[in-house]
file protein_28.txt (compact mmCIF, C-alpha atoms and all ligand atoms)
# COMPACT_ATOMS: atom_id res chain seq x y z
CA MET X 1 24.12 -19.25 -64.29
CA ASN X 2 22.97 -15.93 -65.58
CA PHE X 3 25.63 -13.46 -64.52
CA ARG X 4 23.47 -10.54 -65.47
CA THR X 5 21.13 -11.20 -62.52
CA LEU X 6 24.02 -11.13 -60.03
CA LYS X 7 24.34 -7.40 -59.82
CA PRO X 8 20.75 -6.66 -58.80
CA VAL X 9 20.88 -9.51 -56.24
CA ALA X 10 24.08 -8.09 -54.78
CA LEU X 11 22.50 -4.67 -54.62
CA VAL X 12 19.42 -6.00 -52.83
CA MET X 13 21.64 -7.84 -50.35
CA ALA X 14 23.77 -4.77 -49.75
CA ALA X 15 20.64 -2.74 -49.08
CA ALA X 16 19.39 -5.40 -46.66
CA PHE X 17 22.73 -5.36 -44.80
CA ALA X 18 22.64 -1.58 -44.61
CA ALA X 19 19.14 -1.67 -43.12
CA ALA X 20 20.24 -4.30 -40.58
CA ALA X 21 23.28 -2.20 -39.66
CA GLN X 22 21.08 0.85 -39.14
CA ALA X 23 18.79 -0.98 -36.69
CA ALA X 24 21.48 -2.49 -34.48
CA ASP X 25 20.83 -3.48 -30.89
CA ILE X 26 22.51 -1.34 -28.23
CA LYS X 27 23.92 -3.67 -25.59
CA LEU X 28 24.04 -2.26 -22.05
CA GLY X 29 25.63 -4.24 -19.22
CA VAL X 30 23.83 -4.50 -15.90
CA ALA X 31 25.84 -5.97 -12.97
CA GLU X 32 23.76 -5.94 -9.79
CA ALA X 33 23.37 -8.00 -6.61
CA LEU X 34 20.48 -10.29 -7.56
CA SER X 35 21.23 -12.83 -4.83
CA GLY X 36 22.68 -12.60 -1.29
CA GLY X 37 22.08 -9.99 1.40
CA ALA X 38 22.15 -7.01 -1.01
CA ALA X 39 19.57 -8.58 -3.38
CA GLN X 40 16.96 -6.55 -1.50
CA TYR X 41 18.35 -3.57 -3.41
CA GLY X 42 19.56 -5.29 -6.58
CA GLN X 43 16.20 -6.82 -7.49
CA SER X 44 14.52 -3.40 -7.33
CA ILE X 45 17.32 -1.89 -9.38
CA ARG X 46 16.97 -4.50 -12.12
CA ALA X 47 13.20 -3.97 -12.21
CA GLY X 48 13.69 -0.21 -12.64
CA PHE X 49 16.15 -0.67 -15.51
CA GLN X 50 13.92 -3.19 -17.27
CA LEU X 51 10.83 -1.01 -17.01
CA ALA X 52 12.62 2.02 -18.47
CA ALA X 53 14.29 0.02 -21.28
CA ASP X 54 10.94 -1.55 -22.22
CA GLU X 55 9.27 1.87 -22.32
CA ILE X 56 12.09 3.37 -24.40
CA ASN X 57 12.01 0.45 -26.85
CA ALA X 58 8.22 0.59 -27.13
CA ALA X 59 8.54 4.28 -28.02
CA GLY X 60 10.91 3.49 -30.93
CA GLY X 61 14.20 2.87 -29.12
CA ILE X 62 17.24 5.10 -29.68
CA ASN X 63 16.93 6.53 -33.19
CA GLY X 64 15.35 3.20 -34.20
CA ASN X 65 17.85 1.00 -32.32
CA LYS X 66 16.67 -1.26 -29.51
CA LEU X 67 18.18 -1.25 -26.01
CA VAL X 68 19.20 -4.75 -24.93
CA LEU X 69 20.17 -5.35 -21.30
CA VAL X 70 22.85 -7.97 -20.61
CA ILE X 71 22.29 -8.77 -16.93
CA GLU X 72 24.80 -10.36 -14.51
CA ASP X 73 24.36 -11.25 -10.82
CA GLU X 74 27.36 -9.85 -8.92
CA GLN X 75 25.98 -11.21 -5.62
CA GLY X 76 26.97 -8.12 -3.63
CA LYS X 77 30.57 -9.41 -3.60
CA LYS X 78 33.68 -7.58 -4.76
CA GLU X 79 35.21 -10.54 -6.61
CA GLU X 80 31.96 -11.30 -8.41
CA ALA X 81 31.53 -7.67 -9.41
CA ILE X 82 35.02 -7.73 -10.93
CA ASN X 83 34.21 -10.95 -12.83
CA ALA X 84 30.89 -9.59 -14.06
CA PHE X 85 32.51 -6.35 -15.26
CA LYS X 86 35.22 -8.27 -17.16
CA LYS X 87 32.67 -10.55 -18.82
CA LEU X 88 30.42 -7.67 -19.84
CA ILE X 89 33.26 -5.49 -21.14
CA PHE X 90 35.43 -8.05 -22.95
CA GLN X 91 33.13 -10.95 -23.80
CA ASP X 92 29.70 -9.39 -24.29
CA LYS X 93 31.28 -6.15 -25.55
CA VAL X 94 28.59 -3.95 -24.01
CA LEU X 95 28.60 -0.24 -24.78
CA MET X 96 28.55 0.70 -21.08
CA LEU X 97 27.89 -0.69 -17.60
CA PHE X 98 25.32 -0.09 -14.89
CA GLY X 99 26.13 -1.13 -11.31
CA PRO X 100 27.37 -2.61 -9.12
CA THR X 101 24.87 -2.41 -6.25
CA LEU X 102 27.19 -1.71 -3.30
CA SER X 103 29.88 0.96 -3.03
CA ASN X 104 32.01 -1.78 -1.49
CA SER X 105 31.94 -3.59 -4.86
CA ALA X 106 32.15 -0.39 -6.91
CA GLN X 107 35.41 0.55 -5.24
CA ALA X 108 36.86 -2.79 -6.37
CA ALA X 109 35.28 -3.13 -9.84
CA ASP X 110 34.97 0.44 -11.18
CA PRO X 111 38.75 0.72 -11.82
CA ILE X 112 38.33 -2.03 -14.45
CA ALA X 113 35.73 0.00 -16.34
CA GLN X 114 37.89 3.12 -15.98
CA ALA X 115 41.01 1.35 -17.32
CA SER X 116 38.97 -0.08 -20.24
CA LYS X 117 37.54 3.37 -21.06
CA VAL X 118 33.98 2.13 -20.53
CA VAL X 119 31.36 4.23 -18.75
CA VAL X 120 30.24 2.75 -15.44
CA PHE X 121 27.02 4.27 -14.11
CA GLY X 122 26.12 3.51 -10.48
CA THR X 123 22.53 4.06 -9.40
CA SER X 124 22.95 3.08 -5.74
CA ASN X 125 26.56 3.88 -4.76
CA THR X 126 26.57 6.63 -2.14
CA ALA X 127 29.94 6.31 -0.38
CA ASP X 128 32.70 8.92 -0.64
CA GLY X 129 35.40 8.34 -3.22
CA ILE X 130 33.58 6.30 -5.87
CA THR X 131 33.54 8.95 -8.60
CA SER X 132 37.09 9.98 -7.72
CA ILE X 133 38.18 6.69 -9.39
CA GLY X 134 38.16 8.37 -12.80
CA ASP X 135 36.40 10.22 -15.59
CA HIS X 136 34.36 7.22 -16.77
CA VAL X 137 32.64 6.78 -13.39
CA PHE X 138 29.13 8.27 -13.11
CA ARG X 139 26.36 8.00 -10.55
CA ASN X 140 22.87 9.40 -10.04
CA SER X 141 22.67 8.16 -6.45
CA VAL X 142 23.01 11.14 -4.12
CA THR X 143 25.96 10.69 -1.75
CA GLU X 144 25.85 10.18 2.01
CA ALA X 145 27.97 13.35 2.23
CA ASP X 146 25.13 15.32 0.60
CA VAL X 147 22.15 13.62 2.26
CA LEU X 148 23.12 12.82 5.87
CA PRO X 149 23.56 16.44 7.07
CA VAL X 150 20.04 17.19 5.77
CA THR X 151 18.50 14.07 7.36
CA LEU X 152 20.19 14.79 10.67
CA ALA X 153 19.27 18.49 10.74
CA THR X 154 15.63 17.78 9.85
CA ALA X 155 15.21 14.96 12.38
CA SER X 156 17.01 16.75 15.21
CA LYS X 157 14.99 19.93 14.71
CA LYS X 158 11.63 18.13 14.56
CA LEU X 159 12.42 15.83 17.49
CA GLY X 160 14.55 18.16 19.62
CA ILE X 161 17.54 15.83 19.63
CA LYS X 162 20.54 16.88 21.79
CA LYS X 163 22.55 13.65 22.12
CA VAL X 164 22.74 10.47 20.05
CA ALA X 165 24.37 7.05 20.11
CA VAL X 166 26.11 5.91 16.91
CA LEU X 167 26.14 2.35 15.53
CA TYR X 168 27.84 1.42 12.24
CA GLY X 169 29.29 -1.43 10.19
CA ASN X 170 33.07 -1.05 10.13
CA ASP X 171 33.85 -3.55 7.32
CA ASP X 172 31.94 -2.08 4.37
CA VAL X 173 32.86 0.94 2.23
CA PHE X 174 29.32 2.38 2.36
CA THR X 175 28.59 1.86 6.09
CA LYS X 176 32.04 3.24 6.98
CA SER X 177 31.57 6.28 4.73
CA GLY X 178 28.10 6.82 6.24
CA TYR X 179 29.71 6.83 9.68
CA ASP X 180 32.38 9.35 8.61
CA ASN X 181 29.73 11.67 7.21
CA PHE X 182 27.39 11.29 10.20
CA LYS X 183 30.31 12.15 12.49
CA LYS X 184 31.13 15.27 10.47
CA ALA X 185 27.48 16.36 10.51
CA LEU X 186 27.10 15.66 14.25
CA ASP X 187 30.15 17.82 14.97
CA ALA X 188 28.97 20.61 12.67
CA GLN X 189 25.45 20.57 14.15
CA LYS X 190 26.83 20.36 17.71
CA ILE X 191 24.95 17.19 18.61
CA ALA X 192 26.68 15.19 21.36
CA VAL X 193 27.59 11.51 20.92
CA THR X 194 26.95 9.29 23.99
CA THR X 195 28.77 6.23 22.60
CA THR X 196 29.95 4.78 19.26
CA GLU X 197 29.52 1.03 18.62
CA THR X 198 30.32 -1.16 15.62
CA PHE X 199 29.27 -4.43 13.99
CA ALA X 200 30.35 -6.49 10.97
CA LYS X 201 28.60 -7.85 7.87
CA GLY X 202 26.79 -11.09 8.61
CA ASP X 203 26.36 -10.37 12.35
CA VAL X 204 22.93 -11.39 13.65
CA ASP X 205 23.09 -10.53 17.35
CA PHE X 206 23.45 -6.84 18.22
CA LYS X 207 22.23 -7.03 21.83
CA ALA X 208 25.63 -6.30 23.42
CA GLN X 209 26.02 -3.04 21.46
CA LEU X 210 22.36 -2.07 21.93
CA THR X 211 22.46 -2.74 25.69
CA LYS X 212 25.48 -0.42 26.01
CA ILE X 213 23.74 2.18 23.88
CA LYS X 214 20.55 2.04 25.93
CA ALA X 215 22.54 2.63 29.13
CA THR X 216 23.79 5.98 27.73
CA ASN X 217 20.19 7.20 27.37
CA PRO X 218 20.45 8.78 23.89
CA ASP X 219 17.68 10.86 22.28
CA ALA X 220 18.15 8.94 19.01
CA LEU X 221 20.19 6.16 17.42
CA VAL X 222 22.30 7.15 14.40
CA LEU X 223 22.70 4.02 12.26
CA SER X 224 24.93 3.40 9.24
CA ALA X 225 23.96 -0.08 8.08
CA LEU X 226 22.83 -2.14 5.13
CA ILE X 227 19.31 -3.51 5.45
CA ALA X 228 20.42 -7.13 6.15
CA GLU X 229 21.89 -5.97 9.48
CA GLY X 230 19.89 -2.75 9.88
CA ALA X 231 16.47 -4.43 10.03
CA PRO X 232 17.39 -6.89 12.82
CA ILE X 233 19.10 -4.01 14.67
CA MET X 234 15.75 -2.17 14.72
CA VAL X 235 13.94 -5.30 15.94
CA GLN X 236 16.46 -5.99 18.72
CA ALA X 237 16.58 -2.32 19.80
CA ARG X 238 12.80 -2.36 20.33
CA GLN X 239 13.00 -5.73 22.13
CA LEU X 240 15.49 -4.22 24.56
CA GLY X 241 13.22 -1.24 25.15
CA LEU X 242 15.37 1.17 23.18
CA ASN X 243 12.45 2.97 21.55
CA VAL X 244 14.22 6.13 20.37
CA PRO X 245 14.05 7.33 16.74
CA VAL X 246 16.61 5.79 14.36
CA ILE X 247 18.38 8.07 11.87
CA GLY X 248 19.73 6.09 8.92
CA GLY X 249 21.45 6.45 5.57
CA ASN X 250 20.77 5.06 2.12
CA GLY X 251 21.04 1.45 3.30
CA MET X 252 17.93 1.86 5.47
CA ASN X 253 15.87 3.39 2.66
CA SER X 254 14.38 0.15 1.38
CA VAL X 255 10.77 -0.99 1.62
CA LYS X 256 12.22 -4.35 2.71
CA VAL X 257 12.55 -2.88 6.21
CA PHE X 258 8.79 -3.32 6.63
CA GLU X 259 8.96 -6.99 5.74
CA LEU X 260 12.07 -7.69 7.81
CA ALA X 261 11.42 -5.52 10.88
CA LYS X 262 7.60 -5.48 10.77
CA GLY X 263 6.17 -3.60 13.80
CA ALA X 264 9.68 -2.54 14.85
CA SER X 265 10.13 -0.49 11.68
CA ASP X 266 8.43 2.70 12.95
CA GLY X 267 10.45 5.83 13.72
CA LEU X 268 13.16 5.42 11.08
CA TRP X 269 14.34 8.68 9.46
CA ILE X 270 16.04 8.72 6.06
CA GLY X 271 16.77 11.20 3.27
CA SER X 272 16.55 10.64 -0.49
CA PRO X 273 15.62 12.61 -3.62
CA TRP X 274 12.81 10.09 -4.18
CA SER X 275 9.64 9.52 -2.20
CA ILE X 276 6.54 7.55 -3.16
CA GLU X 277 4.61 10.56 -1.88
CA ASN X 278 6.26 13.05 -4.22
CA GLN X 279 3.39 13.95 -6.54
CA THR X 280 5.00 15.06 -9.76
CA LYS X 281 3.75 14.03 -13.20
CA GLU X 282 6.95 12.02 -13.86
CA ASN X 283 6.86 10.21 -10.53
CA GLY X 284 3.16 9.49 -10.87
CA SER X 285 3.55 7.80 -14.25
CA PHE X 286 6.60 5.86 -12.99
CA ILE X 287 4.70 4.54 -9.96
CA VAL X 288 1.69 3.52 -12.06
CA ALA X 289 3.80 1.78 -14.73
CA TYR X 290 5.96 -0.01 -12.14
CA THR X 291 3.00 -1.18 -10.09
CA GLN X 292 1.22 -2.47 -13.21
CA LYS X 293 4.27 -4.40 -14.42
CA TYR X 294 5.48 -5.88 -11.12
CA LYS X 295 2.32 -5.89 -8.94
CA SER X 296 4.23 -4.23 -6.11
CA ALA X 297 5.14 -0.67 -5.20
CA PRO X 298 8.53 0.68 -6.31
CA ASP X 299 11.20 1.97 -3.95
CA GLN X 300 14.01 4.48 -4.24
CA PHE X 301 16.37 1.93 -5.80
CA ALA X 302 13.94 1.16 -8.62
CA ALA X 303 13.30 4.89 -9.17
CA GLN X 304 17.00 5.72 -9.46
CA ALA X 305 17.65 2.86 -11.88
CA TYR X 306 14.63 3.90 -13.95
CA ASP X 307 15.88 7.49 -14.16
CA ALA X 308 19.45 6.37 -14.93
CA MET X 309 18.21 4.45 -17.99
CA TYR X 310 16.40 7.54 -19.27
CA ILE X 311 19.42 9.76 -18.57
CA THR X 312 21.57 7.34 -20.58
CA ALA X 313 18.98 7.26 -23.38
CA GLN X 314 19.19 11.06 -23.72
CA ALA X 315 22.97 10.80 -24.18
CA LEU X 316 22.61 7.89 -26.63
CA LYS X 317 20.20 9.88 -28.79
CA LYS X 318 22.94 12.48 -29.31
CA VAL X 319 25.65 9.92 -30.13
CA LYS X 320 26.08 8.80 -33.75
CA LEU X 321 26.88 5.13 -33.21
CA SER X 322 29.53 4.05 -35.71
CA GLY X 323 29.84 0.35 -34.90
CA ASP X 324 33.44 0.95 -33.76
CA LEU X 325 33.05 -0.08 -30.13
CA ALA X 326 35.94 1.94 -28.68
CA LYS X 327 34.80 5.07 -30.53
CA ASP X 328 31.18 4.58 -29.52
CA ARG X 329 32.14 4.03 -25.86
CA THR X 330 34.09 7.30 -25.89
CA ALA X 331 31.30 9.18 -27.66
CA LEU X 332 28.84 8.06 -24.98
CA ARG X 333 31.30 9.06 -22.25
CA ASN X 334 31.50 12.55 -23.74
CA ALA X 335 27.73 12.99 -24.23
CA LEU X 336 26.63 11.83 -20.78
CA PRO X 337 27.83 14.77 -18.59
CA GLU X 338 25.66 17.21 -20.57
CA VAL X 339 22.36 15.43 -19.90
CA LYS X 340 19.72 17.23 -17.85
CA TRP X 341 16.64 15.21 -17.00
CA THR X 342 13.46 15.44 -14.97
CA GLY X 343 12.38 11.98 -13.90
CA ALA X 344 10.81 10.05 -11.05
CA THR X 345 13.48 11.38 -8.67
CA GLY X 346 12.96 14.99 -9.77
CA GLY X 347 15.27 17.38 -11.62
CA PHE X 348 18.70 15.93 -12.31
CA SER X 349 22.08 17.01 -13.63
CA PHE X 350 25.64 15.78 -13.16
CA ARG X 351 28.24 17.56 -11.04
CA ARG X 352 31.96 17.05 -11.64
CA ALA X 353 33.70 15.08 -8.90
CA LEU X 354 37.38 15.46 -8.03
CA ASP X 355 40.04 12.81 -7.49
CA LYS X 356 42.25 12.66 -4.40
CA ALA X 357 44.70 15.18 -5.86
CA GLY X 358 41.86 17.62 -6.57
CA ASN X 359 41.76 17.03 -10.34
CA PRO X 360 38.49 16.53 -12.28
CA ALA X 361 37.41 12.87 -12.17
CA GLY X 362 33.92 11.32 -12.53
CA TYR X 363 30.42 12.69 -12.05
CA ASP X 364 28.09 12.86 -9.03
CA ALA X 365 24.39 13.63 -8.83
CA GLU X 366 23.18 17.19 -8.34
CA GLN X 367 19.85 16.67 -6.55
CA THR X 368 18.11 17.68 -3.35
CA ALA X 369 17.05 15.23 -0.66
CA ILE X 370 13.59 14.85 0.85
CA VAL X 371 13.50 13.57 4.45
CA SER X 372 10.98 10.84 5.33
CA ALA X 373 10.13 8.92 8.49
CA THR X 374 8.53 5.48 8.70
CA LYS X 375 5.14 4.91 10.27
CA GLY X 376 2.75 1.99 9.93
CA GLY X 377 4.70 0.27 7.17
CA ARG X 378 5.53 3.22 4.95
CA TYR X 379 7.91 6.13 4.50
CA ALA X 380 6.09 9.44 4.89
CA ILE X 381 7.34 12.99 4.27
C1 LIG X 401 26.14 1.86 -1.14
C2 LIG X 401 24.73 2.03 -0.75
C3 LIG X 401 23.94 0.84 -0.50
C4 LIG X 401 22.80 1.08 0.43
C5 LIG X 401 23.51 0.39 -1.85
C6 LIG X 401 22.36 -0.50 -1.96
O1 LIG X 401 24.25 3.15 -0.74
O2 LIG X 401 26.71 0.77 -1.02
O3 LIG X 401 26.72 2.87 -1.55
call {"tool": "encode", "arguments": {"input": "protein_28.txt", "output": "structure tokens"}}
result
Amino acid sequence: MNFRTLKPVALVMAAAFAAAAQAADIKLGVAEALSGGAAQYGQSIRAGFQLAADEINAAGGINGNKLVLVIEDEQGKKEEAINAFKKLIFQDKVLMLFGPTLSNSAQAADPIAQASKVVVFGTSNTADGITSIGDHVFRNSVTEADVLPVTLATASKKLGIKKVAVLYGNDDVFTKSGYDNFKKALDAQKIAVTTTETFAKGDVDFKAQLTKIKATNPDALVLSALIAEGAPIMVQARQLGLNVPVIGGNGMNSVKVFELAKGASDGLWIGSPWSIENQTKENGSFIVAYTQKYKSAPDQFAAQAYDAMYITAQALKKVKLSGDLAKDRTALRNALPEVKWTGATGGFSFRRALDKAGNPAGYDAEQTAIVSATKGGRYAI
């Protein structure tokens, strides 16, 4: 063996290792409901993430590093969200987490990310109290507390609503929080409530509640539901001759309502920062790219996931990744709150949320809502 050749070989190898280390993959965990009743949302969310990550990678990645999504199906269940978070944090060693789909699951799983000092970024969690879990909890989904007063005020003004009936799911963090916020807004806007009825997840027959509601002769139905129950509620309301407008929250803002409720989907009012009709340059290019890739139109859930990936990319570009996972997770945590972004959902920045004792905790979305109503199989402004 010629020992004199060893040194150059070692040098070449060291250089190769250095190059490989420079172009490391950035692993991001995605835990969303890809099966079960909440898959209506989770599938759109995954598609939005994937589209944005592909675009970012095609444009050179993050300072030359590729984004790699590690995707888990949390099935819209608390226990599965906890399992998915643990796997992604401890086994896959992702830099951060996106998800879970439902606030109900976020309330259970986000404390694991918080305790592990890993950023968890929700793109569809709108219930009260999620970002009060801690300073590693972020979301770009606008809360029910911010949106529902606007939806209600807009609908009641346009339709001349004086009294409403309320129907909500009382066993889910999001539908319960939607109810609390509707109630607050109804009181503040001095709109009378004729009756308040409830249902539970998995219910399929809502005729008893709807019959009672119809008898009180409301001007509108205020509905806090996820789409799996919300769509059949709209169908059964119309079947019973309850043809009043329906005012809903984030759960009813899914294009799936047209597939599930068909002709009974007209007259549904919702608020969101995103609309397919919002003609900005950023939204236009998002809609074109999404439609080309998936051969179907995007919805709000896809748009928010798409923007969240770009928001995260802006923070990642500022972070000098060291390869020390704990350090890199903290560096990302500290860079994220500063990001300002204009995306498919419009201008975006984070707003500090408080915990129950009034101390600074996680970060909410600072965005304005647009109110839409459904007609003929689409949401129109
Ligand atoms: C929440 C929601 C749902 C509609 C998410 C899909 O807003 O659970 O917070």
call {"tool": "residues_around", "arguments": {"input": "protein_28.txt", "residues": "stretch 90-107 of chain X", "least_positions_apart": "3", "cutoff": "6 Å", "atoms": "all atoms listed in the file", "output": "list of chain:residue names"}}
result
X:Lys27, X:Leu28, X:Gly29, X:Val30, X:Ala31, X:Glu32, X:Ala33, X:Lys78, X:Lys86, X:Lys87, X:Asp110, X:Val118, X:Val119, X:Val120, X:Phe121, X:Gly122, X:Ser124, X:Asn125, X:Ala127, X:Asp172, X:Val173, X:Phe174, X:Arg329
call {"tool": "atom_distance", "arguments": {"input": "protein_28.txt", "atom1": "atom CA of X:Leu354", "atom2": "atom CA of X:Ser132"}}
result
5.5 Å
call {"tool": "closest_residue", "arguments": {"input": "protein_28.txt", "among": "X:Met252, X:Ala261, X:Ile89, X:Ala58", "to": "ligand LIG 401 (chain X)", "atoms": "all atoms listed in the file"}}
result
X:Met252
call {"tool": "residues_around", "arguments": {"input": "protein_28.txt", "residues": "X:Ser156", "least_positions_apart": "6", "cutoff": "9 Å", "atoms": "only C-alpha atoms", "output": "ChimeraX atom specification"}}
result
/X:162,191,220
call {"tool": "closest_residue", "arguments": {"input": "protein_28.txt", "among": "X:Thr374, X:Thr342, X:Gln114, X:Gln239", "to": "X:Ile133", "atoms": "only C-alpha atoms"}}
result
X:Gln114
call {"tool": "closest_residue", "arguments": {"input": "protein_28.txt", "among": "X:Ala52, X:Ile45, X:Val244, X:Leu34", "to": "X:Gly76", "atoms": "only C-alpha atoms"}}
result
X:Leu34
call {"tool": "closest_residue", "arguments": {"input": "protein_28.txt", "among": "X:Pro149, X:Ala81, X:Tyr363, X:Gly323", "to": "X:Ser349", "atoms": "all atoms listed in the file"}}
result
X:Tyr363
call {"tool": "residues_near_point", "arguments": {"input": "protein_28.txt", "point": "(21.9, 10.5, -29.4)", "cutoff": "10 Å", "atoms": "only C-alpha atoms", "output": "list of chain:residue names"}}
result
X:Ile62, X:Asn63, X:Thr312, X:Ala313, X:Gln314, X:Ala315, X:Leu316, X:Lys317, X:Lys318, X:Val319, X:Lys320, X:Leu321, X:Ala331, X:Leu332, X:Ala335, X:Leu336
call {"tool": "atom_distance", "arguments": {"input": "protein_28.txt", "atom1": "atom CA of X:Asn359", "atom2": "atom CA of X:Thr131"}}
result
11.7 Å
call {"tool": "residues_near_point", "arguments": {"input": "protein_28.txt", "point": "(25.2, -14.0, -8.0)", "cutoff": "8 Å", "atoms": "all atoms listed in the file", "output": "PyMOL selection string"}}
result
chain X and resi 33-36+72-76+80
call {"tool": "residues_around", "arguments": {"input": "protein_28.txt", "residues": "X:Ser254", "least_positions_apart": "5", "cutoff": "12 Å", "atoms": "all atoms listed in the file", "output": "PyMOL selection string"}}
result
chain X and resi 38-45+124+225-228+230-231+248-249+259-261+265+268-272+274-276+297-303+372+374+377-379
call {"tool": "closest_residue", "arguments": {"input": "protein_28.txt", "among": "X:Glu144, X:Asp171, X:Asp307, X:Asp54", "to": "ligand LIG 401 (chain X)", "atoms": "only C-alpha atoms and all ligand atoms"}}
result
X:Glu144
call {"tool": "atom_distance", "arguments": {"input": "protein_28.txt", "atom1": "atom CA of X:Asp355", "atom2": "atom CA of X:Asn140"}}
result
17.7 Å
call {"tool": "closest_residue", "arguments": {"input": "protein_28.txt", "among": "X:Thr151, X:Asn250, X:Asn65, X:Gln279", "to": "ligand LIG 401 (chain X)", "atoms": "only C-alpha atoms and all ligand atoms"}}
result
X:Asn250
